[in-house]
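Asks: Structure incoming, see below.
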Amino acid sequence: MRLAEPRDLYYLCVVAVSALGGRLPSPARDGLGRALGRLAYHLSRTKRRLVERNVATAFGPGERVDVVHTAFFDFWREMISWSERLPREGIPIVGLEHLRGALDAGRGAILWESAGFGRRLQCKRALNAAGIAVHQIHGPNHLGGLLDEDRFRTRTRALVRRFFDGRERRFVADIVDLPASDSLAFTRDLLARLARNAVLCSTGDGRVGQRLVPLPFLGRTTLFASGMVNLAKLAGASLLPVFCVFGNDGRLRVVVEAPLRIDRGPDREQELRSVLQQYASLLEAYIRRWPELYRNWHLLGEFLDDREERAA
Amino acid sequence: MSSVENRLKHLLVSRLRVDPAILAASDGDTCLLGQGIGLDSVEALALAIAIEEEFDIEVDDADLTAALFETIGSVAAYVRRRLGQAC
């Protein structure tokens, strides 16, 4: 395994910012996030253009241009949040009864978070404080809140991953790493965990899977992996979207939504699309309400060319 | 098409509710995962569980790979091999 690739220097900078920024008082953390966001906004021209284009597609030309700036800021603020302490007053959870109800059924629950929206680690912290033991699932290219875009395997990248995993491990029961190989044995492990009434947490808009379904999303077409829907069906588990956003008072709160409806009909394809579309619509509604908390504006429509997107 | 492949197709329809029209147009080389039949990793597991029950064999974790579930033909060959070992 190689020691490092050029991009690893950027990953190490993010880790350093996260580790140091988390120790700062709250106003300084915001200031640091804002300064780095402004710098990234000016340096990352390609990303900025993609964000501008996709925000204009979602909201209309000239609308919500502020989001282009805040999306950059929020990326850095999210990175810093990996190392900050839980607010003294804790993070309230709205809809915890949905999760408790799912667990009462005894067949486990799957929490569906977004890979690029809201505060992911703070969500686990809040659930942990509420006594919920989460089994976190990560894809083979997971690097905490970062996207491992070129998927090189380097020792530096393993170190970066260990940094983020170490922070997350304090608040979750276990971390399940999906294999980089073509082994599918992990599915049996996930099924066994649900049979033990575990709470799994995975990304609903992640792009790791044997099957990706294109769906309309924020005016574009985006791919959604089907695996967790079929896992919920196979295990009889509930699939609950979860979000960690700011309330009107400016404080973070976790929202556990009601379980997605899985109607068993004669058409397997329609059933799958229906569940994925429920999630996509819900996530879109959250992003439209808090567009500044979405960090993946630049990835919308990625992996599909124009013709595929129109066909979808 | 062999009886093993026909029984696999029956499992795909009865247990995984794959559209019979898609299967009717398929052969041993039709892809199971992603494009083609369109199974994902969890549905591959569901098929493995169905195979274990139908053919009274065990699909080891080490065998549970995307390569095994590449096509109907590759799964059928695996089942035939395991049945041969069991005899």
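Chain labels follow the order of the structure tokens: the first chain is A, the next B, and so on; residue numbering restarts at 1 in every chain, and ligands are counted from 1 in their shown order.
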Residues of chain B near chain A: apply a cut-off of 6 Å, count only C-alpha atoms, and supply the list as a list in words.
Replies: Gly34, Asp40, Ser41, Val42, Asp61, Leu64, Thr65 and Ala66 of chain B
Asks: I need the chosen residues saved as an mmCIF file, in the first residue's frame, with N, CA and C atoms.
Replies:
data_model
loop_
_atom_site.group_PDB
_atom_site.id
_atom_site.type_symbol
_atom_site.label_atom_id
_atom_site.label_comp_id
_atom_site.auth_asym_id
_atom_site.auth_seq_id
_atom_site.Cartn_x
_atom_site.Cartn_y
_atom_site.Cartn_z
ATOM 1 N N GLY B 34 -27.617 -5.952 -10.631
ATOM 2 C CA GLY B 34 -27.617 -4.682 -11.364
ATOM 3 C C GLY B 34 -28.492 -4.738 -12.605
ATOM 4 N N ASP B 40 -30.138 -6.761 -6.168
ATOM 5 C CA ASP B 40 -29.052 -6.117 -5.427
ATOM 6 C C ASP B 40 -28.458 -7.144 -4.469
ATOM 7 N N SER B 41 -27.506 -6.696 -3.637
ATOM 8 C CA SER B 41 -26.783 -7.636 -2.775
ATOM 9 C C SER B 41 -27.715 -8.348 -1.791
ATOM 10 N N VAL B 42 -28.713 -7.631 -1.273
ATOM 11 C CA VAL B 42 -29.626 -8.238 -0.299
ATOM 12 C C VAL B 42 -30.539 -9.254 -0.996
ATOM 13 N N ASP B 61 -20.568 -18.574 3.425
ATOM 14 C CA ASP B 61 -20.297 -17.130 3.330
ATOM 15 C C ASP B 61 -19.185 -16.838 2.319
ATOM 16 N N LEU B 64 -20.535 -16.561 -1.076
ATOM 17 C CA LEU B 64 -21.538 -15.505 -1.292
ATOM 18 C C LEU B 64 -20.843 -14.263 -1.870
ATOM 19 N N THR B 65 -20.645 -14.285 -3.169
ATOM 20 C CA THR B 65 -19.934 -13.186 -3.825
ATOM 21 C C THR B 65 -20.716 -12.685 -5.031
ATOM 22 N N ALA B 66 -20.368 -11.489 -5.468
ATOM 23 C CA ALA B 66 -21.009 -10.941 -6.674
ATOM 24 C C ALA B 66 -20.701 -11.822 -7.881
#
Asks: Quick one: everything within 8 Å of Cys201 (chain A), counting only C-alpha atoms, minus sequence neighbours fewer than 2 positions away in the same chain. Send it as JSON, numbers by chain.
Replies: {"A": [110, 111, 112, 113, 134, 135, 136, 137, 199, 203]}
Asks: How would the residues just chosen look if you wrote them out with C-alpha atoms as a compact mmCIF listing (two decimals), in the first residue's frame?
Replies:
# COMPACT_ATOMS: atom_id res chain seq x y z
CA ILE A 110 -32.80 0.82 9.89
CA LEU A 111 -32.13 4.54 10.30
CA TRP A 112 -31.63 6.24 6.99
CA GLU A 113 -29.46 9.33 7.17
CA VAL A 134 -26.57 2.29 16.72
CA HIS A 135 -24.71 -0.09 14.39
CA GLN A 136 -23.23 2.28 11.84
CA ILE A 137 -22.72 0.99 8.29
CA VAL A 199 -30.63 -0.43 15.09
CA THR A 203 -27.02 6.46 4.16
Asks: Identify, on the basis of only C-alpha atoms, every residue whose closest approach to Asp205 (chain A) does not exceed 9 Å; exclude the query and any residue fewer than 4 positions from it along the same chain; express the result as a list in words.
Replies: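 Contacts, with the query itself left out: Trp112, Glu113, Ser114, Ala115, Gly116, Thr222, Leu223, Phe224, Ala225, Tyr279, Ala280 and Leu283 of chain A.
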Asks: Selection from above, C-alpha atoms, as an mmCIF file, in the first residue's frame, can you write it?
Replies:
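What follows is the written file again.cif:
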data_model
loop_
_atom_site.group_PDB
_atom_site.id
_atom_site.type_symbol
_atom_site.label_atom_id
_atom_site.label_comp_id
_atom_site.auth_asym_id
_atom_site.auth_seq_id
_atom_site.Cartn_x
_atom_site.Cartn_y
_atom_site.Cartn_z
ATOM 1 C CA TRP A 112 -31.627 6.238 6.985
ATOM 2 C CA GLU A 113 -29.456 9.328 7.174
ATOM 3 C CA SER A 114 -28.155 11.462 4.332
ATOM 4 C CA ALA A 115 -24.509 11.273 3.318
ATOM 5 C CA GLY A 116 -24.376 15.019 2.779
ATOM 6 C CA THR A 222 -29.781 11.210 -8.711
ATOM 7 C CA LEU A 223 -28.954 7.583 -7.983
ATOM 8 C CA PHE A 224 -30.256 5.882 -4.854
ATOM 9 C CA ALA A 225 -29.071 2.443 -3.704
ATOM 10 C CA TYR A 279 -37.140 8.919 0.942
ATOM 11 C CA ALA A 280 -35.960 11.092 -1.948
ATOM 12 C CA LEU A 283 -34.847 14.423 1.866
#
Asks: From the set B:Gly38, B:Arg80, B:Ala48, B:Arg15, which residue has the shortest atom-to-atom contact distance to Asp60 (chain B), counting only C-alpha atoms?
Replies: B:Ala48
Asks: So how far away is CA of Phe171 (chain A) from CA of Thr70 (chain A), in Å?
Replies: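 Separation of CA of Thr70 (chain A) and CA of Phe171 (chain A): 27.8 Å.
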Asks: Do you know which residues are at most 9 Å from region 72-87 of chain A counting only C-alpha atoms, after dropping those on the same chain fewer than 5 positions away, and could you put them as JSON, numbers by chain?
Replies: {"A": [14, 15, 17, 18, 19, 20, 21, 22, 23, 24, 29, 30, 32, 33, 34, 35, 36, 37, 38, 39, 40, 41, 48, 67, 116, 118, 119, 120, 121, 122, 125, 126, 144, 145, 146, 164, 167, 168, 292, 293, 294, 295]}
Asks: Based on the backbone DSSP call, show me all residues of region 2-84 of chain B assigned strand (DSSP E or B), as a list in words.
Replies: Cys31, Leu33, Leu39, Thr65 and Thr71 of chain B
Asks: Using only C-alpha atoms, determine which residues lie at most 7 Å from Arg196 (chain A), disregarding the query and same-chain residues fewer than 3 positions distant; provide the list as a VMD selection string.
Replies: chain A and resid 108 192 to 193
Asks: Could you write out that same residue set with C-alpha atoms as a PDB file, in the first residue's frame?
Replies:
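The resulting file, part_7.pdb, is reproduced below:
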ATOM      1  CA  GLY A 108     -34.875  -4.273  14.232  1.00  0.00           C
ATOM      2  CA  ALA A 192     -28.502 -11.348  11.759  1.00  0.00           C
ATOM      3  CA  ARG A 193     -28.124  -7.996  13.517  1.00  0.00           C
TER       4      ARG A 193
END
